[in-house]
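The file upload.cif contains mmCIF, C-alpha atoms and all ligand atoms:
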```
data_entry
#
loop_
_atom_site.label_atom_id
_atom_site.label_comp_id
_atom_site.auth_asym_id
_atom_site.auth_seq_id
_atom_site.Cartn_x
_atom_site.Cartn_y
_atom_site.Cartn_z
CA MET H 94 0.00 0.00 0.00
CA THR H 95 1.15 3.52 -0.72
CA PRO H 96 2.34 5.19 2.48
CA LYS H 97 0.09 7.97 3.70
CA ILE H 98 0.72 11.50 4.94
CA LEU H 99 -1.81 12.89 7.40
CA LEU H 100 -0.96 16.56 7.18
CA SER H 101 -2.95 18.76 9.53
CA PHE H 102 -3.14 22.43 10.44
CA ASP H 103 -4.64 23.84 13.60
CA VAL H 104 -6.64 26.70 12.11
CA GLU H 105 -7.13 29.07 15.01
CA GLU H 106 -6.91 32.49 16.56
CA PHE H 107 -3.25 33.34 17.30
CA ASP H 108 -3.43 33.45 21.10
CA MET H 109 0.03 32.13 21.94
CA PRO H 110 1.35 35.57 23.04
CA LEU H 111 -1.14 35.40 25.95
CA GLU H 112 0.81 32.40 27.30
CA TYR H 113 3.81 34.71 27.52
CA ASN H 114 1.82 37.54 29.13
CA PHE H 115 1.88 39.57 25.95
CA ASN H 116 -1.43 41.29 25.38
CA ILE H 117 -2.96 40.74 21.95
CA SER H 118 -6.52 41.68 20.99
CA LEU H 119 -8.94 39.06 19.68
CA GLU H 120 -9.15 41.07 16.48
CA THR H 121 -5.37 40.81 15.92
CA GLN H 122 -5.42 37.12 16.88
CA MET H 123 -8.01 36.49 14.15
CA GLU H 124 -6.20 38.68 11.63
CA ILE H 125 -2.95 36.74 12.04
CA GLY H 126 -4.70 33.38 11.90
CA LYS H 127 -6.40 34.47 8.68
CA LYS H 128 -3.18 35.87 7.20
CA GLY H 129 -1.48 32.53 7.82
CA LEU H 130 -4.32 30.68 6.14
CA ASP H 131 -4.04 33.03 3.13
CA ASN H 132 -0.31 32.30 2.93
CA LEU H 133 -1.01 28.55 2.89
CA MET H 134 -3.61 28.77 0.10
CA PRO H 135 -1.21 27.71 -2.69
CA ILE H 136 -0.61 24.49 -0.72
CA LEU H 137 -4.25 24.00 0.24
CA ASN H 138 -5.33 24.51 -3.37
CA ASP H 139 -2.66 22.15 -4.76
CA LYS H 140 -4.29 18.95 -6.01
CA ASN H 141 -1.57 16.82 -4.38
CA TYR H 142 -2.32 17.96 -0.85
CA THR H 143 -5.44 16.91 0.98
CA THR H 144 -5.27 17.84 4.65
CA THR H 145 -7.22 17.88 7.89
CA LEU H 146 -7.96 21.34 9.29
CA PHE H 147 -8.64 21.36 13.03
CA THR H 148 -10.57 24.60 13.39
CA THR H 149 -11.91 26.44 16.42
CA ALA H 150 -15.60 27.26 16.03
CA ASN H 151 -14.60 30.79 17.03
CA PHE H 152 -12.30 31.10 14.02
CA ALA H 153 -14.85 29.49 11.71
CA ASN H 154 -17.52 31.91 12.97
CA HIS H 155 -15.31 34.80 11.86
CA PHE H 156 -14.56 33.31 8.42
CA PRO H 157 -17.43 30.90 7.63
CA ASP H 158 -17.22 31.20 3.83
CA ILE H 159 -13.52 30.35 3.75
CA ILE H 160 -13.97 27.30 5.98
CA LYS H 161 -16.95 26.14 3.93
CA THR H 162 -14.96 26.44 0.69
CA LEU H 163 -11.97 24.60 2.20
CA SER H 164 -14.29 21.77 3.23
CA ASP H 165 -14.81 20.84 -0.44
CA LYS H 166 -11.26 19.46 -0.63
CA HIS H 167 -10.13 19.10 2.98
CA GLU H 168 -11.51 17.57 6.14
CA ILE H 169 -12.70 20.11 8.69
CA ALA H 170 -12.39 18.80 12.25
CA SER H 171 -12.85 20.43 15.64
CA HIS H 172 -10.22 22.31 17.64
CA THR H 173 -12.95 23.06 20.23
CA PHE H 174 -14.77 26.38 20.45
CA PHE H 175 -12.20 28.87 21.75
CA HIS H 176 -8.46 28.35 21.82
CA SER H 177 -8.08 30.14 25.14
CA ASN H 178 -10.89 28.73 27.23
CA TYR H 179 -12.46 25.33 27.54
CA THR H 180 -15.43 23.67 29.17
CA THR H 181 -16.64 20.13 28.38
CA ALA H 182 -19.76 21.59 26.71
CA HIS H 183 -17.51 23.10 23.99
CA LEU H 184 -16.82 19.63 22.61
CA LEU H 185 -20.41 19.31 21.46
CA SER H 186 -21.08 22.97 20.69
CA SER H 187 -17.99 23.27 18.48
CA ARG H 188 -18.88 20.10 16.58
CA LEU H 189 -22.41 21.35 15.93
CA LYS H 190 -21.31 24.86 14.95
CA LEU H 191 -18.64 23.62 12.50
CA SER H 192 -21.04 21.09 11.05
CA GLU H 193 -23.63 23.83 10.54
CA ILE H 194 -21.06 26.00 8.73
CA ILE H 195 -19.77 23.32 6.34
CA GLU H 196 -23.08 21.41 6.06
CA LYS H 197 -21.30 18.10 6.67
CA PRO H 198 -20.65 15.96 9.72
CA ILE H 199 -17.56 16.63 11.86
CA THR H 200 -15.92 13.45 13.15
CA GLY H 201 -12.49 14.44 14.48
CA LEU H 202 -11.15 16.39 17.44
CA ARG H 203 -7.83 17.85 18.46
CA MET H 204 -7.70 19.66 21.78
CA PRO H 205 -5.82 22.96 21.95
CA ARG H 206 -2.29 22.41 23.29
CA MET H 207 -2.90 18.64 23.17
CA ARG H 208 -4.77 18.90 26.45
CA GLN H 209 -5.97 15.52 27.75
CA VAL H 210 -9.68 15.19 28.50
CA PRO H 211 -11.62 12.02 29.35
CA MET H 212 -12.34 9.80 26.33
CA LYS H 213 -15.90 9.48 27.63
CA ASP H 214 -16.45 13.26 27.14
CA ILE H 215 -15.20 13.08 23.55
CA GLN H 216 -17.39 10.08 22.81
CA GLU H 217 -20.49 11.65 24.34
CA ALA H 218 -19.97 14.74 22.19
CA GLY H 219 -20.24 12.52 19.10
CA TYR H 220 -16.69 12.30 17.77
CA GLN H 221 -15.25 9.25 15.98
CA TYR H 222 -11.59 9.98 16.60
CA ASP H 223 -9.23 12.07 18.70
CA ALA H 224 -5.91 13.48 17.49
CA SER H 225 -4.78 15.04 20.79
CA MET H 226 -1.99 12.65 21.67
CA HIS H 227 1.68 13.50 21.36
CA PRO H 228 3.41 10.28 22.45
CA THR H 229 6.67 11.79 23.63
CA TRP H 230 8.16 13.76 26.48
CA LEU H 231 8.07 17.55 26.33
CA PRO H 232 9.82 19.04 29.36
CA GLY H 233 7.38 21.08 31.44
CA ARG H 234 4.39 20.09 29.26
CA TYR H 235 3.68 16.37 29.27
CA ASN H 236 5.24 12.91 29.38
CA ASN H 237 3.48 10.39 27.14
CA PHE H 238 6.34 7.96 26.68
CA ASN H 239 4.12 5.11 27.88
CA LYS H 240 1.41 5.73 25.24
CA PRO H 241 1.28 3.89 21.90
CA ARG H 242 3.25 5.63 19.18
CA THR H 243 0.79 4.85 16.35
CA LEU H 244 -2.99 4.69 15.90
CA TYR H 245 -4.74 2.91 18.77
CA LYS H 246 -8.03 2.59 20.60
CA GLU H 247 -8.64 3.93 24.09
CA GLU H 248 -12.04 3.20 25.64
CA GLU H 249 -13.59 2.73 22.18
CA MET H 250 -12.18 6.06 20.95
CA ILE H 251 -9.74 5.89 18.02
CA ARG H 252 -6.68 7.99 18.75
CA VAL H 253 -4.34 9.23 16.02
CA PRO H 254 -1.12 10.31 17.74
CA ALA H 255 1.17 12.95 16.24
CA SER H 256 4.18 11.19 14.74
CA VAL H 257 7.39 10.71 16.68
CA SER H 258 10.44 8.78 15.46
CA PRO H 259 10.59 5.03 16.20
CA ASN H 260 13.92 5.47 17.98
CA PHE H 261 13.94 7.81 21.01
CA ARG H 262 10.51 9.19 20.05
CA ILE H 263 11.90 12.40 18.64
CA PRO H 264 8.86 14.62 17.93
CA LEU H 265 8.17 15.58 14.33
CA PHE H 266 5.79 18.41 15.29
CA TRP H 267 5.92 22.08 14.31
CA LEU H 268 8.70 23.10 16.72
CA SER H 269 11.03 20.39 15.41
CA PHE H 270 10.32 21.35 11.83
CA LYS H 271 11.32 24.96 12.34
CA ASN H 272 14.31 24.30 14.61
CA PHE H 273 15.93 21.17 13.13
CA PRO H 274 18.12 21.42 10.04
CA TYR H 275 15.99 20.39 7.05
CA ALA H 276 18.01 17.27 6.21
CA LEU H 277 17.74 15.93 9.77
CA TYR H 278 13.99 16.53 9.93
CA LEU H 279 13.41 14.89 6.55
CA SER H 280 15.48 11.87 7.46
CA LEU H 281 13.54 11.36 10.72
CA ALA H 282 10.24 11.82 8.89
CA LEU H 283 11.13 9.27 6.20
CA GLN H 284 12.39 6.81 8.80
CA THR H 285 9.05 7.09 10.62
CA LEU H 286 7.07 6.84 7.38
CA ARG H 287 8.88 3.63 6.42
CA LYS H 288 8.36 2.08 9.83
CA ASP H 289 4.72 3.07 10.39
CA GLY H 290 3.36 3.30 6.83
CA TYR H 291 2.02 6.78 7.61
CA LEU H 292 3.03 10.10 9.09
CA SER H 293 0.88 12.46 11.15
CA LEU H 294 2.29 15.99 11.07
CA TYR H 295 0.82 19.22 12.37
CA PHE H 296 1.42 22.94 11.94
CA HIS H 297 -0.45 26.22 12.48
CA PRO H 298 -1.22 28.80 9.79
CA TRP H 299 0.07 31.69 11.97
CA GLU H 300 3.57 30.16 11.92
CA PHE H 301 3.72 31.20 8.27
CA THR H 302 3.30 34.92 8.97
CA ASN H 303 5.68 37.37 10.56
CA ILE H 304 5.17 36.89 14.31
CA ASN H 305 8.35 38.50 15.58
CA ALA H 306 6.57 41.39 17.32
CA TYR H 307 4.59 39.47 19.98
CA GLY H 308 7.06 38.74 22.76
CA LEU H 309 7.53 35.08 21.86
CA PRO H 310 10.73 33.07 22.37
CA LYS H 311 12.88 32.69 19.27
CA TYR H 312 12.43 28.91 19.07
CA THR H 313 8.70 29.44 18.43
CA THR H 314 9.10 32.13 15.75
CA LYS H 315 12.17 30.88 13.85
CA GLY H 316 11.81 31.29 10.09
CA SER H 317 8.37 32.88 10.48
CA ASP H 318 7.15 34.42 7.25
CA ASN H 319 8.63 33.23 3.98
CA GLU H 320 11.60 31.18 5.11
CA LEU H 321 9.42 28.64 6.91
CA LEU H 322 6.90 28.56 4.10
CA ASP H 323 9.68 27.68 1.63
CA LYS H 324 10.85 24.96 3.99
CA LEU H 325 7.31 23.56 4.09
CA TYR H 326 7.03 23.58 0.28
CA ARG H 327 10.28 21.66 0.14
CA LEU H 328 9.10 19.09 2.70
CA LEU H 329 5.76 18.48 1.01
CA ASN H 330 7.43 18.17 -2.36
CA ASP H 331 9.86 15.58 -0.99
CA LEU H 332 7.09 13.65 0.78
CA LYS H 333 4.73 13.53 -2.18
CA LYS H 334 7.32 11.50 -4.12
CA GLN H 335 6.94 8.71 -1.57
CA ALA H 336 3.44 8.96 -0.19
CA GLU H 337 -0.13 10.07 -0.70
CA PHE H 338 -1.75 12.87 1.32
CA ILE H 339 -5.15 11.96 2.77
CA THR H 340 -7.48 13.19 5.50
CA MET H 341 -7.53 11.57 8.93
CA ALA H 342 -11.16 10.49 8.49
CA ASP H 343 -10.32 8.70 5.20
CA PHE H 344 -7.24 7.13 6.73
CA ILE H 345 -9.30 5.70 9.59
CA GLU H 346 -12.04 4.51 7.27
CA ASN H 347 -9.53 2.73 4.97
CA ARG H 348 -8.00 1.02 7.99
CA ASN H 349 -11.37 -0.22 9.19
CA MET H 350 -12.09 -1.76 5.81
CA GLU H 351 -8.83 -3.71 5.73
ZN ZN G 401 -4.16 25.01 18.68
#
```
Before we go any further, please render this structure as structure tokens.
Amino acid sequence: MTPKILLSFDVEEFDMPLEYNFNISLETQMEIGKKGLDNLMPILNDKNYTTTLFTTANFANHFPDIIKTLSDKHEIASHTFFHSNYTTAHLLSSRLKLSEIIEKPITGLRMPRMRQVPMKDIQEAGYQYDASMHPTWLPGRYNNFNKPRTLYKEEEMIRVPASVSPNFRIPLFWLSFKNFPYALYLSLALQTLRKDGYLSLYFHPWEFTNINAYGLPKYTTKGSDNELLDKLYRLLNDLKKQAEFITMADFIENRNME
């Protein structure tokens, strides 16, 4: 079988400066999220790249037409209602709101900041899968070294972890992509793709805008604007020679039919 790439973007308001006590208005958060999405349009409109867009209902409420149009080619999934505040009720309300906007069912969830919530809550809110697991150790954030590295079931919920390398579980997420030399990142990604038969990678549209003015540490803003976008083009171009890009929902469905 052709190896698969599950490329996803967390399409959201750019609230990260708040984590660093830098004040940013909701209007600016939305503007930067939207700018990033605009910058990614050549990729999102490229026939080779089908992706999963985990979107906050808040962001989708601001730009409903764009999200609806994107849903023709990409999977829209939930990134809850608001990036900065969460109650269990937002699992259901975000799913319903997004579904209303795109006029299609929403089956997937990724929690902001990979927060862990009970599987029962996710199930009761009507989701088929959860993509909020990063099976590695991030100092000061989480330690998931004991969790499965590839797709698994937890209390009837299908979980699609973000990819980490088979050896040492080196994360292949957005911070690695911008901070590792390209050749190292690509080699880890291909190693993982060969071993697992698929890769689950995630980024955020706002990374691909200039975010140097918001009090963030350098390791989170490195290459922001065009340099990082060029690096992403290069990665996708290298990956498409070896694998096919599909949505998470399709990936799960194909697996179930095997
Ligand atoms: Zn997010």
### Task
Step by step, measure atom-to-atom distances between ligand ZN 401 (chain G) and each residue using only C-alpha atoms and all ligand atoms, keep those at most 6 Å, then write them as a PyMOL selection string.
chain H and resi 103+205-206
Please report as a Markdown table every residue of range 117-194 of chain H lying within 7 Å of range 295-311 of chain H, along with the nearest atom pair and their distance in Å (one decimal), using all atoms listed in the file.
```
| residue | atom | partner | partner_atom | distance |
| --- | --- | --- | --- | --- |
| H:Ile125 | CA | H:Trp299 | CA | 5.9 |
| H:Gly126 | CA | H:Trp299 | CA | 5.1 |
| H:Lys128 | CA | H:Thr302 | CA | 6.8 |
| H:Gly129 | CA | H:Pro298 | CA | 4.2 |
| H:Leu130 | CA | H:Pro298 | CA | 5.1 |
| H:Asn132 | CA | H:Phe301 | CA | 6.8 |
| H:Leu133 | CA | H:Pro298 | CA | 6.9 |
```
### Query
Which one is closest to Ile215 in chain H: H:Thr149, H:Thr340, H:Asn116, H:Thr173? Count all atoms listed in the file.
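Selected residue with least distance to Ile215 in chain H: H:Thr173.
Among the candidates H:Leu281, H:Leu119, H:Ile160, H:Leu265, the residue lying nearest to Ser192 in chain H is H:Ile160 (atoms considered: all atoms listed in the file).
CA of Ala170 in chain H is positioned 6.5 Å from CA of Thr200 in chain H.
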### Task
Compile the contact shell of Lys190 in chain H as a PyMOL selection string: residues with an atom at most 10 Å away, counting all atoms listed in the file, same-chain residues fewer than 6 positions apart removed.
chain H and resi 149-151+153-154+171+174+183+196+199
#### Entry: Spatial neighbours of Ile195 in chain H, max dist 9 Å, only C-alpha atoms, sep filter under 5 positions, as a list in words
Pro157, Asp158, Ile160, Lys161, Thr162, Leu163, Ser164, Asp165, Ile169 and Lys190 of chain H
### Query
Got a sec to check which residues sit within 12 Å of (-0.2, 38.8, 26.1), counting all atoms listed in the file, and write them as a PyMOL selection string?
chain H and resi 107-119+121-122+177+306-309
#### Entry: 8 Å contact set for Leu292 in chain H, all atoms listed in the file, chain neighbours under 5 positions out, as a PyMOL selection string
chain H and resi 97-100+255-256+282+285-286
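Here the question is which of H:Asp131, H:Lys246, H:Tyr142, H:Met212 gets nearest to Asn330 in chain H using all atoms listed in the file, and that residue is H:Tyr142.
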### Task
Can you work out which one of H:Pro254, H:Gly233, H:Gly219, H:Pro241 has the shortest atom-to-atom distance to Met207 in chain H, counting all atoms listed in the file?
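So, comparing all the options, the nearest one is H:Pro254.
The interatomic distance for the pair CA of Trp267 in chain H and CA of Phe102 in chain H works out to 9.9 Å.
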